[in-house]
>>> print(open('final-v4.txt').read())   # compact mmCIF, C-alpha atoms and all ligand atoms
# COMPACT_ATOMS: atom_id res chain seq x y z
CA MET K 1 26.79 0.03 44.10
CA ARG K 2 28.37 3.45 44.48
CA THR K 3 31.41 4.37 42.50
CA SER K 4 33.94 6.98 43.47
CA ARG K 5 33.50 10.23 41.65
CA ASN K 6 36.05 12.32 39.95
CA PRO K 7 36.05 15.58 41.97
CA LEU K 8 36.12 17.55 38.74
CA TYR K 9 32.86 16.01 37.53
CA PRO K 10 30.42 18.44 39.20
CA CYS K 11 32.30 21.43 37.77
CA LEU K 12 32.32 19.95 34.27
CA LEU K 13 28.61 19.40 34.56
CA CYS K 14 28.15 23.01 35.73
CA LEU K 15 30.14 24.17 32.74
CA LEU K 16 28.06 22.14 30.31
CA LEU K 17 24.82 23.34 31.82
CA ALA K 18 26.02 26.95 31.70
CA LEU K 19 26.61 26.75 27.94
CA PRO K 20 23.81 28.41 26.01
CA ILE K 21 21.94 25.93 23.85
CA SER K 22 22.08 27.55 20.45
CA SER K 23 19.44 26.82 17.87
CA ALA K 24 22.33 26.28 15.47
CA ILE K 25 23.57 23.29 17.46
CA ALA K 26 21.98 20.10 16.26
CA ALA K 27 21.62 17.34 18.81
CA ASN K 28 22.16 13.72 17.88
CA PHE K 29 20.39 10.96 19.76
CA THR K 30 20.79 7.22 19.29
CA VAL K 31 17.89 4.99 20.22
CA THR K 32 19.24 2.39 22.65
CA LEU K 33 15.95 1.10 24.05
CA THR K 34 13.29 -0.63 21.93
CA GLY K 35 10.62 -0.33 24.63
CA ASP K 36 8.30 2.67 24.93
CA ALA K 37 8.97 5.38 27.53
CA VAL K 38 8.98 9.20 27.72
CA ASP K 39 11.87 11.58 28.32
CA LEU K 40 11.74 12.71 31.95
CA ASN K 41 13.42 16.10 31.44
CA ALA K 42 12.40 17.48 28.07
CA GLY K 43 14.59 20.23 26.67
CA ASN K 44 17.75 19.62 28.71
CA GLY K 45 19.63 18.36 25.68
CA PHE K 46 19.67 14.72 26.73
CA CYS K 47 17.50 11.79 25.77
CA ASN K 48 16.93 9.87 28.97
CA ILE K 49 13.97 7.92 30.31
CA LEU K 50 15.47 7.99 33.82
CA PRO K 51 15.40 10.96 36.24
CA GLN K 52 19.19 11.28 36.45
CA ALA K 53 20.85 14.27 34.77
CA GLY K 54 22.73 13.68 31.55
CA PRO K 55 22.28 10.98 28.95
CA GLY K 56 20.69 7.65 29.72
CA PRO K 57 18.58 4.93 28.17
CA CYS K 58 16.92 6.46 25.11
CA SER K 59 13.68 5.26 23.55
CA LEU K 60 12.44 6.58 20.19
CA ARG K 61 9.57 8.35 21.96
CA ALA K 62 11.96 9.98 24.45
CA ALA K 63 14.27 11.10 21.64
CA ILE K 64 11.35 12.71 19.78
CA ILE K 65 10.05 14.44 22.93
CA GLU K 66 13.54 15.79 23.60
CA SER K 67 14.09 16.98 20.01
CA ASN K 68 10.66 18.66 19.94
CA ALA K 69 11.57 20.57 23.13
CA LEU K 70 15.06 21.45 21.94
CA ALA K 71 15.25 24.37 19.51
CA GLY K 72 16.75 23.56 16.13
CA ALA K 73 17.09 20.57 13.84
CA ASP K 74 18.05 17.30 15.51
CA THR K 75 18.91 13.81 14.36
CA ILE K 76 17.80 10.50 15.82
CA SER K 77 19.71 7.39 14.74
CA LEU K 78 18.18 3.93 14.80
CA GLN K 79 20.30 0.81 15.12
CA ALA K 80 20.35 -2.38 13.07
CA GLY K 81 17.75 -4.95 14.01
CA GLU K 82 15.84 -2.76 16.45
CA VAL K 83 12.12 -3.53 16.66
CA ILE K 84 10.68 -0.51 18.43
CA THR K 85 7.21 -1.30 19.74
CA LEU K 86 4.95 1.50 20.98
CA SER K 87 2.98 0.65 24.12
CA LEU K 88 1.97 3.95 25.79
CA ALA K 89 -1.71 4.04 24.87
CA GLY K 90 -3.71 7.25 24.47
CA ALA K 91 -4.78 8.33 21.00
CA GLY K 92 -5.63 11.96 20.15
CA GLU K 93 -2.74 13.45 22.13
CA ASP K 94 -0.41 15.72 20.14
CA ALA K 95 2.70 16.13 22.28
CA GLY K 96 4.12 12.69 21.69
CA TYR K 97 3.58 11.38 25.22
CA SER K 98 1.03 8.73 24.28
CA GLY K 99 -0.31 7.03 21.19
CA ASP K 100 1.38 8.26 18.02
CA LEU K 101 4.79 9.92 17.89
CA ASP K 102 4.08 13.63 17.34
CA ILE K 103 6.68 15.78 15.61
CA THR K 104 6.68 19.57 16.06
CA ASP K 105 10.23 20.63 15.21
CA ASN K 106 12.81 19.97 12.49
CA LEU K 107 13.98 16.40 12.77
CA SER K 108 15.63 13.52 10.93
CA ILE K 109 15.14 9.89 12.00
CA LEU K 110 17.66 7.79 10.17
CA PHE K 111 19.01 4.30 9.76
CA LEU K 112 22.22 4.69 7.81
CA ALA K 113 24.18 1.67 9.06
CA SER K 114 24.34 -1.74 7.44
CA GLY K 115 22.42 -4.68 8.86
CA GLN K 116 18.78 -5.52 9.41
CA ARG K 117 16.36 -2.66 8.86
CA PRO K 118 14.84 -1.32 12.09
CA VAL K 119 11.07 -1.57 12.51
CA VAL K 120 8.73 0.84 14.27
CA ASP K 121 5.61 -1.09 15.28
CA ALA K 122 2.76 1.18 16.37
CA ASN K 123 1.13 -1.89 17.89
CA GLY K 124 -2.40 -0.81 16.92
CA LEU K 125 -2.42 2.10 19.42
CA GLU K 126 -2.83 4.80 16.77
CA ARG K 127 -0.82 5.76 13.68
CA ALA K 128 2.97 5.72 14.13
CA PHE K 129 4.00 9.31 13.25
CA GLN K 130 2.12 12.60 13.07
CA VAL K 131 3.92 15.63 11.62
CA LEU K 132 2.33 18.76 13.09
CA SER K 133 5.05 21.26 12.15
CA GLY K 134 8.68 21.38 11.09
CA ASN K 135 10.68 19.61 8.43
CA LEU K 136 10.98 15.85 8.79
CA THR K 137 13.15 13.22 7.15
CA LEU K 138 12.50 9.53 7.77
CA LEU K 139 15.06 7.25 6.13
CA GLY K 140 15.79 3.56 5.95
CA PHE K 141 13.36 1.77 8.25
CA ASP K 142 9.99 0.03 8.33
CA ILE K 143 6.69 1.17 9.85
CA THR K 144 3.97 -1.33 10.66
CA GLY K 145 1.05 -1.82 13.03
CA GLY K 146 -0.29 1.72 12.64
CA ASP K 147 -4.03 2.18 13.05
CA ALA K 148 -5.82 5.45 12.32
CA SER K 149 -9.36 4.20 12.39
CA VAL K 150 -10.58 5.57 15.68
CA PRO K 151 -13.38 8.18 15.48
CA GLY K 152 -12.07 11.65 14.67
CA ASP K 153 -8.56 10.38 14.07
CA GLY K 154 -8.79 8.48 10.82
CA PHE K 155 -5.94 9.92 8.77
CA GLY K 156 -2.70 8.15 7.82
CA GLY K 157 -2.19 4.66 9.23
CA ALA K 158 1.60 4.93 9.40
CA ILE K 159 2.20 8.68 8.90
CA ALA K 160 -0.05 11.75 8.88
CA VAL K 161 1.41 15.02 7.57
CA GLY K 162 -0.49 18.15 8.63
CA PHE K 163 -1.15 21.51 6.93
CA ASP K 164 1.56 23.25 8.95
CA ALA K 165 4.30 20.74 8.20
CA GLY K 166 7.34 21.89 6.24
CA ASN K 167 9.29 19.68 3.84
CA VAL K 168 8.69 16.02 4.66
CA GLU K 169 10.97 13.46 3.02
CA LEU K 170 10.27 9.77 3.35
CA ALA K 171 13.13 7.86 1.72
CA PHE K 172 14.00 4.18 1.55
CA MET K 173 11.04 3.51 3.83
CA ARG K 174 8.72 0.51 3.87
CA LEU K 175 5.18 0.98 5.14
CA TYR K 176 3.16 -2.23 5.53
CA GLY K 177 0.45 -3.63 7.74
CA ASN K 178 -1.05 -0.24 8.58
CA ARG K 179 -4.72 0.81 8.34
CA ALA K 180 -6.78 3.97 8.34
CA GLN K 181 -10.03 5.49 7.17
CA PHE K 182 -8.05 7.81 4.85
CA GLY K 183 -4.60 6.76 3.69
CA GLY K 184 -3.81 3.31 5.08
CA ALA K 185 -0.09 4.11 5.02
CA LEU K 186 0.27 7.88 4.40
CA TYR K 187 -2.02 10.89 4.55
CA ASN K 188 -0.62 14.18 3.29
CA ASP K 189 -2.01 17.67 3.88
CA GLY K 190 1.50 19.13 3.71
CA PRO K 191 2.81 21.57 1.08
CA ASP K 192 5.98 19.67 0.18
CA THR K 193 6.04 15.94 0.88
CA GLU K 194 8.16 13.38 -0.96
CA PHE K 195 7.78 9.61 -0.91
CA SER K 196 11.02 8.40 -2.45
CA ALA K 197 12.60 4.99 -3.08
CA SER K 198 10.00 3.63 -0.72
CA GLU K 199 7.27 1.02 -0.62
CA ALA K 200 3.71 0.93 0.67
CA TYR K 201 2.16 -2.56 0.63
CA ASP K 202 -0.35 -4.67 2.52
CA ASN K 203 -2.00 -1.58 3.97
CA GLN K 204 -5.77 -1.24 4.28
CA HIS K 205 -8.50 1.31 4.50
CA VAL K 206 -11.22 0.42 6.97
CA THR K 207 -14.74 -0.02 5.69
CA GLY K 208 -17.46 2.61 5.59
CA PHE K 209 -15.73 5.02 3.22
CA PRO K 210 -15.46 3.04 -0.01
CA ASP K 211 -15.20 5.85 -2.54
CA SER K 212 -13.46 8.64 -0.71
CA SER K 213 -10.93 6.56 1.11
CA SER K 214 -7.56 5.18 0.12
CA SER K 215 -5.76 2.04 1.16
CA ALA K 216 -2.16 3.24 0.76
CA ILE K 217 -1.80 6.98 0.18
CA ARG K 218 -4.15 9.95 0.26
CA ASN K 219 -2.94 13.40 -0.77
CA ARG K 220 -4.70 16.72 -0.23
CA GLY K 221 -1.58 18.89 -0.40
CA THR K 222 1.48 18.58 -2.62
CA LEU K 223 3.01 15.13 -2.83
CA THR K 224 5.69 13.62 -5.05
CA ILE K 225 5.98 9.83 -5.30
CA GLN K 226 9.25 8.84 -6.94
CA ASN K 227 11.32 5.67 -7.42
CA SER K 228 8.73 3.90 -5.32
CA SER K 229 6.37 0.95 -5.41
CA ILE K 230 2.79 0.73 -4.12
CA PHE K 231 1.26 -2.74 -4.28
CA ASP K 232 -1.01 -5.29 -2.61
CA ASN K 233 -3.05 -2.71 -0.71
CA SER K 234 -6.78 -3.30 -0.24
CA GLY K 235 -9.93 -2.45 1.61
CA GLU K 236 -10.66 -4.15 4.91
CA GLY K 237 -11.18 -7.86 4.47
CA GLY K 238 -9.62 -7.79 1.02
CA ASN K 239 -12.34 -5.62 -0.48
CA GLY K 240 -11.67 -3.09 -3.21
CA ALA K 241 -10.36 0.38 -2.45
CA ILE K 242 -8.46 3.22 -4.10
CA ALA K 243 -4.75 2.59 -3.49
CA VAL K 244 -3.50 6.15 -4.18
CA ALA K 245 -5.92 9.08 -4.04
CA ASN K 246 -5.51 12.76 -4.86
CA PHE K 247 -8.31 14.93 -3.55
CA PRO K 248 -8.53 18.72 -3.27
CA PRO K 249 -8.65 20.39 0.13
CA ASN K 250 -11.67 22.50 0.98
CA ALA K 251 -9.93 25.57 -0.42
CA GLY K 252 -7.34 25.13 -3.12
CA THR K 253 -6.05 22.29 -5.22
CA ALA K 254 -4.06 19.14 -4.64
CA LEU K 255 -1.00 18.25 -6.70
CA MET K 256 0.36 14.74 -6.93
CA THR K 257 3.31 13.83 -9.13
CA ILE K 258 4.22 10.19 -9.73
CA ILE K 259 7.66 9.62 -11.28
CA ASN K 260 9.57 6.40 -11.96
CA SER K 261 7.17 4.43 -9.79
CA THR K 262 5.19 1.21 -9.95
CA ILE K 263 1.59 0.94 -8.77
CA ALA K 264 0.41 -2.63 -9.19
CA ASP K 265 -1.57 -5.54 -7.82
CA ASN K 266 -3.71 -3.42 -5.54
CA ILE K 267 -7.24 -4.63 -4.80
CA GLY K 268 -9.36 -1.91 -6.37
CA ILE K 269 -8.32 1.24 -8.25
CA GLY K 270 -4.63 2.04 -8.69
CA VAL K 271 -4.71 5.86 -8.75
CA GLU K 272 -7.66 8.22 -8.48
CA SER K 273 -7.57 11.99 -8.85
CA GLU K 274 -10.74 13.88 -8.01
CA ASP K 275 -12.24 17.29 -8.77
CA ALA K 276 -9.85 20.28 -8.79
CA SER K 277 -6.70 18.22 -8.42
CA THR K 278 -3.71 17.86 -10.69
CA LEU K 279 -2.20 14.46 -11.36
CA VAL K 280 1.15 14.25 -13.14
CA VAL K 281 2.50 10.82 -14.15
CA ARG K 282 5.95 10.40 -15.69
CA ASN K 283 7.84 7.24 -16.57
CA SER K 284 5.63 5.14 -14.35
CA THR K 285 4.06 1.68 -14.57
CA ILE K 286 0.47 1.24 -13.39
CA VAL K 287 -0.54 -2.37 -14.02
CA ALA K 288 -2.55 -5.34 -12.79
CA ASN K 289 -4.73 -3.51 -10.30
CA SER K 290 -8.00 -5.36 -9.76
CA ALA K 291 -10.25 -2.46 -10.85
CA THR K 292 -9.27 0.61 -12.92
CA GLY K 293 -5.63 1.67 -13.31
CA ILE K 294 -6.18 5.45 -13.29
CA ARG K 295 -9.52 7.14 -12.68
CA ILE K 296 -9.92 10.89 -13.19
CA GLN K 297 -13.16 11.79 -11.45
CA GLY K 298 -15.33 14.90 -11.16
CA ALA K 299 -14.93 18.37 -12.63
CA ASP K 300 -11.97 20.72 -13.10
CA GLY K 301 -9.26 18.07 -12.81
CA THR K 302 -5.99 18.12 -14.70
CA PHE K 303 -4.21 14.97 -15.85
CA GLN K 304 -0.76 15.03 -17.43
CA MET K 305 1.08 11.87 -18.42
CA ARG K 306 4.28 11.06 -20.29
CA ASN K 307 6.39 7.96 -20.99
CA SER K 308 4.12 5.80 -18.86
CA VAL K 309 2.39 2.46 -19.22
CA ILE K 310 -1.12 1.87 -17.87
CA ALA K 311 -1.92 -1.73 -18.74
CA LYS K 312 -3.50 -5.04 -17.82
CA ASN K 313 -5.71 -3.59 -15.10
CA ASP K 314 -8.62 -5.94 -14.49
CA ALA K 315 -11.56 -3.57 -15.07
CA GLN K 316 -9.98 -1.13 -17.48
CA ASP K 317 -6.79 0.85 -17.71
CA CYS K 318 -8.38 4.32 -17.41
CA THR K 319 -11.65 6.04 -16.66
CA ILE K 320 -11.31 9.73 -17.47
CA SER K 321 -13.95 12.35 -16.75
CA SER K 322 -15.04 14.32 -19.80
CA ASP K 323 -14.49 17.49 -17.73
CA ALA K 324 -10.81 16.80 -17.14
CA SER K 325 -8.12 18.90 -18.75
CA LEU K 326 -5.71 16.48 -20.42
CA ASN K 327 -2.11 16.65 -21.52
CA LEU K 328 -1.21 13.16 -22.70
CA ASP K 329 1.81 14.04 -24.88
CA ARG K 330 3.63 11.62 -25.35
CA TYR K 331 4.94 8.07 -25.51
CA ASN K 332 2.29 6.59 -23.26
CA MET K 333 0.97 3.06 -23.64
CA ASP K 334 -2.21 1.30 -22.57
CA SER K 335 -3.46 -2.19 -23.30
CA ASP K 336 -7.20 -1.61 -23.81
CA ASN K 337 -7.50 1.80 -25.49
CA THR K 338 -9.29 3.45 -22.53
CA CYS K 339 -6.68 6.09 -21.58
CA ARG K 340 -7.72 8.65 -24.22
CA LEU K 341 -4.24 8.39 -25.76
CA SER K 342 -5.57 9.74 -29.04
CA ASP K 343 -5.80 13.10 -27.21
CA GLY K 344 -2.00 13.30 -27.39
CA SER K 345 0.49 12.50 -30.07
CA SER K 346 3.10 9.73 -30.28
CA ASN K 347 1.21 7.41 -27.93
CA TYR K 348 0.69 3.64 -28.16
CA PRO K 349 -2.91 2.70 -27.41
CA ASP K 350 -4.11 -0.88 -27.17
CA VAL K 351 -0.72 -2.59 -27.01
CA GLU K 352 0.33 -5.82 -25.24
CA PRO K 353 3.15 -4.62 -22.95
CA TYR K 354 4.83 -7.95 -22.12
CA LEU K 355 5.63 -7.18 -18.49
CA THR K 356 6.50 -9.60 -15.69
CA PRO K 357 4.52 -9.87 -12.48
CA LEU K 358 6.02 -7.85 -9.62
CA LYS K 359 9.64 -8.78 -8.90
CA ARG K 360 12.17 -7.40 -6.48
CA ARG K 361 15.72 -7.21 -7.72
CA ASP K 362 18.73 -6.64 -5.47
CA GLY K 363 16.54 -5.90 -2.47
CA ALA K 364 15.24 -2.65 -3.92
CA THR K 365 11.64 -1.68 -4.59
CA MET K 366 9.19 -3.99 -6.38
CA ALA K 367 8.79 -3.50 -10.10
CA SER K 368 7.07 -5.03 -13.09
CA TRP K 369 9.84 -5.66 -15.62
CA PRO K 370 9.56 -5.52 -19.40
CA LEU K 371 10.45 -8.78 -21.13
CA THR K 372 13.07 -8.57 -23.84
CA ILE K 373 10.26 -8.71 -26.43
CA SER K 374 8.37 -5.81 -24.81
CA PRO K 375 7.32 -2.91 -27.05
CA LEU K 376 8.13 -0.60 -24.09
CA LEU K 377 11.85 -0.94 -24.80
CA ASP K 378 13.47 2.04 -26.52
CA ALA K 379 10.00 3.48 -27.16
CA GLY K 380 10.11 6.54 -24.88
CA HIS K 381 10.72 10.19 -25.64
CA PRO K 382 13.89 10.70 -27.68
CA THR K 383 15.27 13.30 -25.29
CA ILE K 384 16.05 13.37 -21.58
CA GLY K 385 14.93 16.26 -19.42
CA SER K 386 12.01 18.50 -18.66
CA ILE K 387 9.96 17.67 -21.75
CA GLY K 388 11.38 14.18 -22.28
CA CYS K 389 12.28 11.13 -20.24
CA GLU K 390 13.46 11.09 -16.68
CA ALA K 391 17.24 10.93 -16.34
CA GLU K 392 17.12 7.80 -14.16
CA ASP K 393 14.72 4.91 -13.71
CA GLN K 394 13.01 3.49 -10.60
CA TYR K 395 16.26 1.80 -9.58
CA PHE K 396 18.34 4.96 -10.25
CA VAL K 397 19.75 3.44 -13.45
CA ASP K 398 20.78 6.16 -15.89
CA ARG K 399 18.52 6.60 -18.93
CA PRO K 400 18.64 6.06 -21.81
CA ILE K 401 20.04 2.57 -22.46
CA ASP K 402 20.20 1.46 -26.07
CA PHE K 403 18.66 -1.94 -25.42
CA ASP K 404 18.68 -3.28 -28.96
CA GLY K 405 22.10 -1.83 -29.72
CA ASN K 406 20.99 -0.18 -32.94
CA GLY K 407 22.92 2.98 -32.10
CA ASN K 408 19.78 4.96 -31.29
CA ALA K 409 19.63 5.18 -27.48
CA ARG K 410 16.06 5.77 -26.37
CA CYS K 411 14.55 5.52 -22.96
CA ASP K 412 11.96 2.85 -22.19
CA VAL K 413 8.31 3.58 -21.47
CA GLY K 414 7.46 2.98 -17.81
CA ALA K 415 9.40 2.89 -14.55
CA ILE K 416 12.18 0.52 -15.58
CA GLU K 417 14.98 1.09 -18.09
CA LEU K 418 15.97 -2.42 -19.13
CA ASP K 419 19.62 -3.28 -19.55
CA SER K 420 20.46 -6.23 -21.75
CA ASP K 421 22.12 -8.04 -18.82
CA VAL K 422 18.80 -8.26 -16.98
CA ILE K 423 17.57 -11.51 -18.48
CA PHE K 424 16.86 -13.45 -15.35
CA PHE K 425 13.13 -14.05 -15.35
CA ASP K 426 11.10 -17.01 -16.47
CA PRO K 427 10.08 -15.87 -19.98
CA PHE K 428 6.68 -17.54 -19.53
CA GLU K 429 5.73 -15.29 -16.61
CA ILE K 430 3.74 -12.56 -18.24
CA LEU K 431 1.11 -10.24 -16.79
CA CA K 501 15.68 15.13 28.20
CA CA K 502 14.61 20.22 17.92
CA CA K 503 -1.02 12.78 17.62
CA CA K 504 16.14 1.93 -23.67
>>> encode(input="final-v4.txt", output="structure tokens")
Amino acid sequence: MRTSRNPLYPCLLCLLLALPISSAIAANFTVTLTGDAVDLNAGNGFCNILPQAGPGPCSLRAAIIESNALAGADTISLQAGEVITLSLAGAGEDAGYSGDLDITDNLSILFLASGQRPVVDANGLERAFQVLSGNLTLLGFDITGGDASVPGDGFGGAIAVGFDAGNVELAFMRLYGNRAQFGGALYNDGPDTEFSASEAYDNQHVTGFPDSSSSAIRNRGTLTIQNSSIFDNSGEGGNGAIAVANFPPNAGTALMTIINSTIADNIGIGVESEDASTLVVRNSTIVANSATGIRIQGADGTFQMRNSVIAKNDAQDCTISSDASLNLDRYNMDSDNTCRLSDGSSNYPDVEPYLTPLKRRDGATMASWPLTISPLLDAGHPTIGSIGCEAEDQYFVDRPIDFDGNGNARCDVGAIELDSDVIFFDPFEIL
């Protein structure tokens, strides 16, 4: 049905088209279509899967194609309850037209509204997102169904971050049900990637690469994991794997920093750092993994740890290469005296931590909580800051809290700073 047109409309359109598109102007696109389709006129400033000029129905893929083509940083907003399912098959393509969603320019993809978290389901076609260049922020949604296990394309089941990426921030994300040869959820080659207030769970590495692979996260660049939880990841078929791996690139070193985070209940090793890599662990809780909690493997590695608890892992809490350079000062705890805590001062080797199994409180990330009788409470570094405790805990609660009320406020060892009002667990549930 034709509608009458305002005679001014063509001139307004001419005016808009005549405006120079400045790189300083950020475009904002809202995903209105949960199906999978490409933008038919990339770079015209509009997200539209139809041939008409101007805006139109906008899929996530179309919005990314448009923002890649448009100079400057752009923002894509997702809407509550959207389940965006990829269906345009064709792995190994790097322009975002088939398979994974390729990102080549500065971009934020956000869900900031209230309501049900959106889901991006890669539907087994390939991984979900590949960051080739540019800065990227992903915030507030779920990624599932990613599969990076095809030959030559085995990196990062949900997200792969390349060498030429800029700052990549993954915040308030949940990555689950993804698989890969290397990094079931996330693979990072990038120089500045942050995994914050996020979860990676129920991801897998596919078989054939048992020692060098990783079921949740694999880092070969610089990666910070903070206020996050990584749990219930495994090898294919429920076999053992390394949940979080830090492995040097062919030239250079890898740096992984784990702060205020929980790594628990994975099938296999919790965290492994290999060869010329640096692993820094602060105020974190690494417990109840089915093999070793932390393994430092090979030569020339560096391992620094502070205010952290490595405990109740099924095989042993730590396996540390005799070639590793250690800085284990201070206030660390293990439960089987395998973490070389005598190499640092003020540590607590061979202690029963009295932690709960994983629990989610207030919808935030999973954590293993100290019971009120736990020796972790008020046992951390007496100061806050660069040499002491982190200023907040996994849930962004300010540290320190004086749990026992003795007037000496100390932070707690591990990811959680317990407040005395948090007595809501069955006291008989203990790791
Ligand atoms: Ca367009
Ligand atoms: Ca752009
Ligand atoms: Ca790609
Ligand atoms: Ca405390």
>>> closest_residue(input="final-v4.txt", among="K:Pro118, K:Gly35, K:Pro382, K:Gly54", to="K:Leu86", atoms="all atoms listed in the file")
K:Gly35
>>> atom_distance(input="final-v4.txt", atom1="atom CA of K:Ala63", atom2="atom CA of K:Leu110")
12.4 Å
>>> residues_near_point(input="final-v4.txt", point="(14.3, 22.4, 18.2)", cutoff="10 Å", atoms="only C-alpha atoms", output="list in words")
Ser22, Ser23, Ala24, Ile25, Ala26, Ala27, Gly43, Glu66, Ser67, Asn68, Ala69, Leu70, Ala71, Gly72, Ala73, Asp74, Thr104, Asp105, Asn106, Leu107 and Gly134 of chain K
>>> residues_near_ligand(input="final-v4.txt", ligand="ligand CA 503 (chain K)", cutoff="6 Å", atoms="all atoms listed in the file", output="list in words")
Gly92, Glu93, Asp94, Asp100, Asp102 and Gln130 of chain K
>>> write_last_selection(input="final-v4.txt", atoms="C-alpha atoms", output="tab-separated table (two decimals), keeping the file's coordinate frame")
chain	number	residue	atom	x	y	z
K	92	GLY	CA	-5.63	11.96	20.15
K	93	GLU	CA	-2.74	13.45	22.13
K	94	ASP	CA	-0.41	15.72	20.14
K	100	ASP	CA	1.38	8.26	18.02
K	102	ASP	CA	4.08	13.63	17.34
K	130	GLN	CA	2.12	12.60	13.07
>>> closest_atom_pairs(input="final-v4.txt", of="chain K", to="ligand CA 501 (chain K)", cutoff="8 Å", atoms="only C-alpha atoms and all ligand atoms", output="Markdown table")
| residue | atom | partner | partner_atom | distance |
| --- | --- | --- | --- | --- |
| K:Asp39 | CA | K:CA501 | CA | 5.2 |
| K:Leu40 | CA | K:CA501 | CA | 6.0 |
| K:Asn41 | CA | K:CA501 | CA | 4.1 |
| K:Ala42 | CA | K:CA501 | CA | 4.0 |
| K:Gly43 | CA | K:CA501 | CA | 5.4 |
| K:Asn44 | CA | K:CA501 | CA | 5.0 |
| K:Gly45 | CA | K:CA501 | CA | 5.7 |
| K:Phe46 | CA | K:CA501 | CA | 4.3 |
| K:Cys47 | CA | K:CA501 | CA | 4.5 |
| K:Asn48 | CA | K:CA501 | CA | 5.5 |
| K:Ile49 | CA | K:CA501 | CA | 7.7 |
| K:Gly54 | CA | K:CA501 | CA | 7.9 |
| K:Pro55 | CA | K:CA501 | CA | 7.8 |
| K:Ala62 | CA | K:CA501 | CA | 7.4 |
| K:Ala63 | CA | K:CA501 | CA | 7.8 |
| K:Ile65 | CA | K:CA501 | CA | 7.7 |
| K:Glu66 | CA | K:CA501 | CA | 5.1 |
>>> residues_around(input="final-v4.txt", residues="K:Asn203", least_positions_apart="3", cutoff="7 Å", atoms="all atoms listed in the file", output="list of chain:residue names")
K:Tyr176, K:Gly177, K:Asn178, K:Arg179, K:Gly184, K:Ala185, K:Ser215, K:Ala216, K:Asn233, K:Ser234
>>> residues_near_point(input="final-v4.txt", point="(-8.2, 1.9, -19.0)", cutoff="6 Å", atoms="only C-alpha atoms", output="number ranges by chain")
K: 316-319, 338-339
>>> atom_distance(input="final-v4.txt", atom1="atom CA of K:Pro353", atom2="atom CA of K:Ile217")
26.3 Å
>>> atom_distance(input="final-v4.txt", atom1="atom CA of K:Glu199", atom2="atom CA of K:Gly268")
17.8 Å
>>> closest_atom_pairs(input="final-v4.txt", of="chain K", to="ligand CA 504 (chain K)", cutoff="9 Å", atoms="all atoms listed in the file", output="JSON lines")
{"residue": "K:Leu376", "atom": "CA", "partner": "K:CA504", "partner_atom": "CA", "distance": 8.4}
{"residue": "K:Leu377", "atom": "CA", "partner": "K:CA504", "partner_atom": "CA", "distance": 5.3}
{"residue": "K:Asp378", "atom": "CA", "partner": "K:CA504", "partner_atom": "CA", "distance": 3.9}
{"residue": "K:Ala379", "atom": "CA", "partner": "K:CA504", "partner_atom": "CA", "distance": 7.2}
{"residue": "K:Gly380", "atom": "CA", "partner": "K:CA504", "partner_atom": "CA", "distance": 7.7}
{"residue": "K:Arg399", "atom": "CA", "partner": "K:CA504", "partner_atom": "CA", "distance": 7.1}
{"residue": "K:Pro400", "atom": "CA", "partner": "K:CA504", "partner_atom": "CA", "distance": 5.2}
{"residue": "K:Ile401", "atom": "CA", "partner": "K:CA504", "partner_atom": "CA", "distance": 4.1}
{"residue": "K:Asp402", "atom": "CA", "partner": "K:CA504", "partner_atom": "CA", "distance": 4.7}
{"residue": "K:Phe403", "atom": "CA", "partner": "K:CA504", "partner_atom": "CA", "distance": 4.9}
{"residue": "K:Asp404", "atom": "CA", "partner": "K:CA504", "partner_atom": "CA", "distance": 7.8}
{"residue": "K:Asn408", "atom": "CA", "partner": "K:CA504", "partner_atom": "CA", "distance": 9.0}
{"residue": "K:Ala409", "atom": "CA", "partner": "K:CA504", "partner_atom": "CA", "distance": 6.1}
{"residue": "K:Arg410", "atom": "CA", "partner": "K:CA504", "partner_atom": "CA", "distance": 4.7}
{"residue": "K:Cys411", "atom": "CA", "partner": "K:CA504", "partner_atom": "CA", "distance": 4.0}
{"residue": "K:Asp412", "atom": "CA", "partner": "K:CA504", "partner_atom": "CA", "distance": 4.5}
{"residue": "K:Val413", "atom": "CA", "partner": "K:CA504", "partner_atom": "CA", "distance": 8.3}
{"residue": "K:Glu417", "atom": "CA", "partner": "K:CA504", "partner_atom": "CA", "distance": 5.8}
{"residue": "K:Leu418", "atom": "CA", "partner": "K:CA504", "partner_atom": "CA", "distance": 6.3}
{"residue": "K:Asp419", "atom": "CA", "partner": "K:CA504", "partner_atom": "CA", "distance": 7.5}
>>> closest_residue(input="final-v4.txt", among="K:Ala89, K:Ile430, K:Val150, K:Ile267", to="K:Gln204", atoms="only C-alpha atoms")
K:Ile267
>>> closest_residue(input="final-v4.txt", among="K:Gln79, K:Thr32, K:Ser261, K:Ser133", to="ligand CA 502 (chain K)", atoms="all atoms listed in the file")
K:Ser133
>>> closest_residue(input="final-v4.txt", among="K:Thr85, K:Tyr97, K:Leu136, K:Gly56", to="ligand CA 502 (chain K)", atoms="only C-alpha atoms and all ligand atoms")
K:Leu136
>>> residues_around(input="final-v4.txt", residues="K:Ala200", least_positions_apart="5", cutoff="6 Å", atoms="all atoms listed in the file", output="NGL selection string")
:K and (174-176 or 230)
>>> residues_around(input="final-v4.txt", residues="K:Leu60", least_positions_apart="6", cutoff="9 Å", atoms="only C-alpha atoms", output="PyMOL selection string")
chain K and resi 30-38+76+78+84+101
>>> axis_aligned_box(input="final-v4.txt", around="stretch 178-186 of chain K", padding_each_side="6 Å", output="AutoDock Vina command-line options")
--center_x -4.9 --center_y 3.8 --center_z 6.1 --size_x 22.3 --size_y 20.1 --size_z 16.9
